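Q: The structure's right below; bear with me while I get my questions together.
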Amino acid sequence: MAFIEITNLFKRFRKVVAVNHVHLEVEQGEMLTLLGPSGCGKTTTLRCIAGLETPDEGDIVIDGKPMLSQGFVPPAKRGIGMVFQNYAVWPHMKVHSNIAYGLKLQKIPRDERLRRTREVLELVGLEGLEERYPAQLSGGQQQRVALARALVRNPKVLLLDEPLSNLDAKLREKMRFEIKSLVQRMGITSVYVTHDQAEAMVISDRIAVMEAGNVMQIGTPGEIYQKPANRFVADFIGTTNFITGEVLQVAAETREAVIRTAFDKEMRCRTSDVSATVVGETVSASIRPEDVEMASEPSENGTNYARGTVVHRAYLGNFLYFFVNVADTMIRVQVAHHLPFEEGDAVFLYLNPEKCTILF
């Protein structure tokens with residue numbers, strides 16, 4: 001049995017469906033990330049878990065206890081800790097008081113409050129800053145205060161709502177690993193919300209990609225990136241090329257198809273849905289830039305090769321990024337930084353059929 005079970009969760013705001021009959025499970029000690037664009041329903045789902053929103057339908061079970069179906073359980077009794085996007089630290093309280101305030105409300109004895117506060121200060125790396133006010137801290141330190149305040153009550157579940165979005169890029173990257181390491185060491189079951197794909201890939205055990213209130217795919221970061229369930233997931237996670245073509249052949253037993261592309265080449269691909277891949281219909285094949293190979297000459301086997309011209313070349317340190325025009329179809333290519341091609345060069349592209357997938 002999963003530690004958090006979300007069943008048939010539905011939430012509407014007037015005419016807008018924010019969460020559309022979502023089913024999710026989070027295992028004990030797992031970090032599940034809800035990922036998607038603004039307005040996809042990820043924060044509403046998190047707020048329903050926290051008890052800050054009441055869904056119209058469905059139930060949420062935390063550690064075997066229903067939060068809704070047997071009577072609404074208020075946030076303070078759900079055993080959760082929550083970290084908000086805007087930190088939500090009290091500006092008039094010093095760091096120590098900010099962290100210990102929740103324990104004080106619970107009427108925890110003073111000696112116990114001091115002990116637990118000291119422990120969590122050390123845990124998040126804020127030792128020596130106990131007497132500072134939030135205005136005397138950096139953004140990263142304020143976020144650590146918010147995290148410490150959520151952890152000091154020893155919650156069953158940690159909820160994080162875009163906690164790094166207000167930090168600069170360098171600090172955001174550092175904090176991703178700090179949060180991941182901290183949660184793993186403590187073994188806390190966690191649900192993390194973000195619209196940042198890189199953040200989700202780094203921090204998550206599994207990712208639930210959401211769009212328009214629906215869960216489009218759930219899987220490990222590798223599964224989501226390498227085997228997207230549909231066109232939306234492939235387009236939202238990382239960068240991909242979509243190549244339009246007409247289906248010429250379908251081999252159901254191998255889940256492969258041959259398409260004639262817009263640049264008049266036959267291309268062999270996998271297909272995500274054999275039944276939807278119909279001969280004569282127009283489809284889109286997806287291939288990641290790093291799965292496209294560049295060469296100055298074509299292979300003897302002409303399958304999945306196309307001739308094009310380099311339009312743009314970008315040097316990004318450890319790799320080169322090219323935009324190659326193939327008969328008015330622009331294909332992005334990521335290759336090793338030492339390849340000699342320049343803008344205006346004629347090149348041949350090999351579109352690996354094992355990495356090319358027809359998506360719907």
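Order determines the names: the first chain of the structure tokens is A, the second B, and so forth; residues in each chain are numbered 1 upward, and ligands are numbered 1 upward as they are shown.
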Got a sec: who's within 6 Å of A:His23, counting only C-alpha atoms, leaving out chain neighbours fewer than 6 positions off, as a list in words?
A: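 Answer for this query is Ile6, Thr7 and Asn8 of chain A.
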Q: Filtering to N, CA and C atoms, could you give me those residues as a compact mmCIF listing (two decimals), in the first residue's frame?
A:
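Saved result, selection-v5.txt, follows:
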```
# COMPACT_ATOMS: atom_id res chain seq x y z
N ILE A 6 -3.93 9.07 -3.85
CA ILE A 6 -4.86 10.07 -4.35
C ILE A 6 -5.77 9.38 -5.34
N THR A 7 -7.07 9.41 -5.07
CA THR A 7 -8.03 8.67 -5.87
C THR A 7 -9.10 9.60 -6.42
N ASN A 8 -9.23 9.62 -7.75
CA ASN A 8 -10.32 10.34 -8.43
C ASN A 8 -10.42 11.80 -7.99
```
Q: May I have a table of the residues of stretch 177-218 of chain A lying at most 12 Å from stretch 238-248 of chain A, giving each one's closest pair of atoms and their distance in Å to one decimal, counting only C-alpha atoms, ordered by chain and ascending residue number, as CSV?
A:
```
residue,atom,partner,partner_atom,distance
A:Asp196,CA,A:Gly238,CA,10.1
A:Gln197,CA,A:Gly238,CA,7.0
A:Ala198,CA,A:Gly238,CA,8.0
A:Glu199,CA,A:Gly238,CA,11.4
A:Ala200,CA,A:Gly238,CA,11.1
A:Met201,CA,A:Gly238,CA,9.9
```
Q: Go ahead and save the residues from that selection, with N, CA, C and O atoms, as a short mmCIF file (atom, residue, chain, number, x, y, z; two decimals), in the first residue's frame.
A:
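Final file, out_30.cif:
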```cif
data_model
loop_
_atom_site.label_atom_id
_atom_site.label_comp_id
_atom_site.auth_asym_id
_atom_site.auth_seq_id
_atom_site.Cartn_x
_atom_site.Cartn_y
_atom_site.Cartn_z
N ASP A 196 9.94 23.69 -13.74
CA ASP A 196 11.30 23.64 -14.26
C ASP A 196 11.68 22.17 -14.54
O ASP A 196 11.85 21.37 -13.62
N GLN A 197 11.84 21.85 -15.83
CA GLN A 197 12.11 20.46 -16.21
C GLN A 197 13.43 19.96 -15.63
O GLN A 197 13.52 18.83 -15.14
N ALA A 198 14.48 20.78 -15.69
CA ALA A 198 15.79 20.36 -15.18
C ALA A 198 15.71 20.08 -13.67
O ALA A 198 16.30 19.11 -13.17
N GLU A 199 15.00 20.93 -12.96
CA GLU A 199 14.83 20.75 -11.52
C GLU A 199 14.14 19.42 -11.23
O GLU A 199 14.56 18.67 -10.35
N ALA A 200 13.09 19.13 -11.97
CA ALA A 200 12.35 17.88 -11.77
C ALA A 200 13.24 16.67 -12.07
O ALA A 200 13.22 15.67 -11.34
N MET A 201 14.05 16.75 -13.13
CA MET A 201 14.90 15.63 -13.50
C MET A 201 15.95 15.34 -12.43
O MET A 201 16.28 14.19 -12.15
#
```
Q: So how many Å separate atom CA of A:Thr45 and atom CA of A:Leu158, to one decimal?
A: 14.0 Å
Q: Among stretch 167-308 of chain A, which residues does DSSP mark as strand (DSSP E or B) when it is run on the backbone? Keep the chain and numbering as in the structure and answer as a PyMOL selection string.
A: chain A and resi 189-194+206-211+214-219+241-251+256-261+266-271+282-287+292-295+305-308
Q: I'd like to know which of A:Gly213, A:Pro155, A:Pro163, A:Gly187 is closest to A:Phe13, using only C-alpha atoms.
A: A:Gly213
Q: List every residue of stretch 224-350 of chain A that DSSP, applied to the backbone, labels as helix (DSSP H, G or I), and write the result as a PyMOL selection string.
A: chain A and resi 224-226+231-236+289-291
Q: Take atom CA of A:Leu351 and atom CA of A:Leu35 and report the distance between them in Å, one decimal.
A: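 Atom-to-atom, atom CA of A:Leu351 to atom CA of A:Leu35, that is 28.8 Å.
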Q: What does the structure give for the distance between atom CA of A:Ile188 and atom CA of A:Val152, in Å to one decimal?
A: 12.4 Å
Q: Which residue gives the smallest distance to A:Gln184 among A:Gly79, A:Glu30, A:Leu349, A:Ala306, with only C-alpha atoms counted?
A: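 Going through A:Gly79, A:Glu30, A:Leu349, A:Ala306 one by one, the smallest distance to A:Gln184 is for A:Glu30.
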Q: Please identify all polymer residues within 10 Å of A:Ala148, counting only C-alpha atoms, omitting same-chain residues fewer than 2 positions from it, and present them as a JSON list (two decimals) with C-alpha atoms, in the first residue's frame.
A:
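File produced: out06.json:
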```
[["chain", "number", "residue", "atom", "x", "y", "z"],
["A", 81, "GLY", "CA", 5.30, 20.05, 6.58],
["A", 83, "VAL", "CA", 7.54, 24.85, 2.08],
["A", 95, "VAL", "CA", 15.71, 32.56, 12.74],
["A", 96, "HIS", "CA", 15.44, 30.51, 15.94],
["A", 98, "ASN", "CA", 10.76, 31.30, 13.12],
["A", 99, "ILE", "CA", 11.72, 27.64, 13.28],
["A", 100, "ALA", "CA", 10.49, 26.96, 16.83],
["A", 117, "THR", "CA", 15.55, 23.49, 16.78],
["A", 119, "GLU", "CA", 19.18, 19.73, 15.42],
["A", 120, "VAL", "CA", 17.30, 21.08, 12.42],
["A", 121, "LEU", "CA", 19.50, 24.21, 12.24],
["A", 122, "GLU", "CA", 22.51, 21.93, 11.91],
["A", 123, "LEU", "CA", 20.67, 19.75, 9.42],
["A", 124, "VAL", "CA", 19.99, 22.62, 7.00],
["A", 125, "GLY", "CA", 23.32, 24.36, 7.55],
["A", 126, "LEU", "CA", 22.15, 27.43, 9.50],
["A", 142, "GLN", "CA", 15.67, 32.23, 3.98],
["A", 143, "GLN", "CA", 14.65, 29.15, 2.00],
["A", 144, "ARG", "CA", 16.61, 27.01, 4.46],
["A", 145, "VAL", "CA", 14.69, 28.65, 7.33],
["A", 146, "ALA", "CA", 11.41, 27.74, 5.62],
["A", 150, "ALA", "CA", 8.71, 22.43, 7.92],
["A", 151, "LEU", "CA", 11.07, 19.70, 9.17],
["A", 152, "VAL", "CA", 11.28, 20.57, 12.86],
["A", 153, "ARG", "CA", 7.85, 19.02, 13.55]]
```
Q: Do a neighbour search on A:Val274 at 10 Å with only C-alpha atoms, toss out local chain neighbours closer than 6 positions, and write the hits as a PyMOL selection string.
A: chain A and resi 250-257+358
Q: Which one of A:Gln141, A:Thr271, A:Thr357, A:Thr329 sits closest to A:Ala234 if you count only C-alpha atoms?
A: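 Counting only C-alpha atoms, the residue closest to A:Ala234 is A:Thr357.
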Q: Could you tell me which of A:Gln106, A:Asn325, A:Thr54, A:Ser181 comes closest to A:Gly308 if we count only C-alpha atoms?
A: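 For A:Gly308, the nearest of the candidates is A:Asn325.
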Q: Could you pull the residues within 8 Å of A:Pro37, counting only C-alpha atoms, minus those fewer than 6 positions along the same chain, as a PDB file with C-alpha atoms, in the first residue's frame?
A:
```
ATOM      1  CA  HIS A 195       7.522  23.980 -13.804  1.00  0.00           C
ATOM      2  CA  MET A 210       0.479  17.355 -15.851  1.00  0.00           C
ATOM      3  CA  GLU A 211      -1.450  19.359 -18.429  1.00  0.00           C
TER       4      GLU A 211
END
```
Q: Which one is closest to A:Val17: A:Glu342, A:Ser190, A:Arg118, A:Ala212? Count only C-alpha atoms.
A: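 Nearest to A:Val17: A:Ala212.
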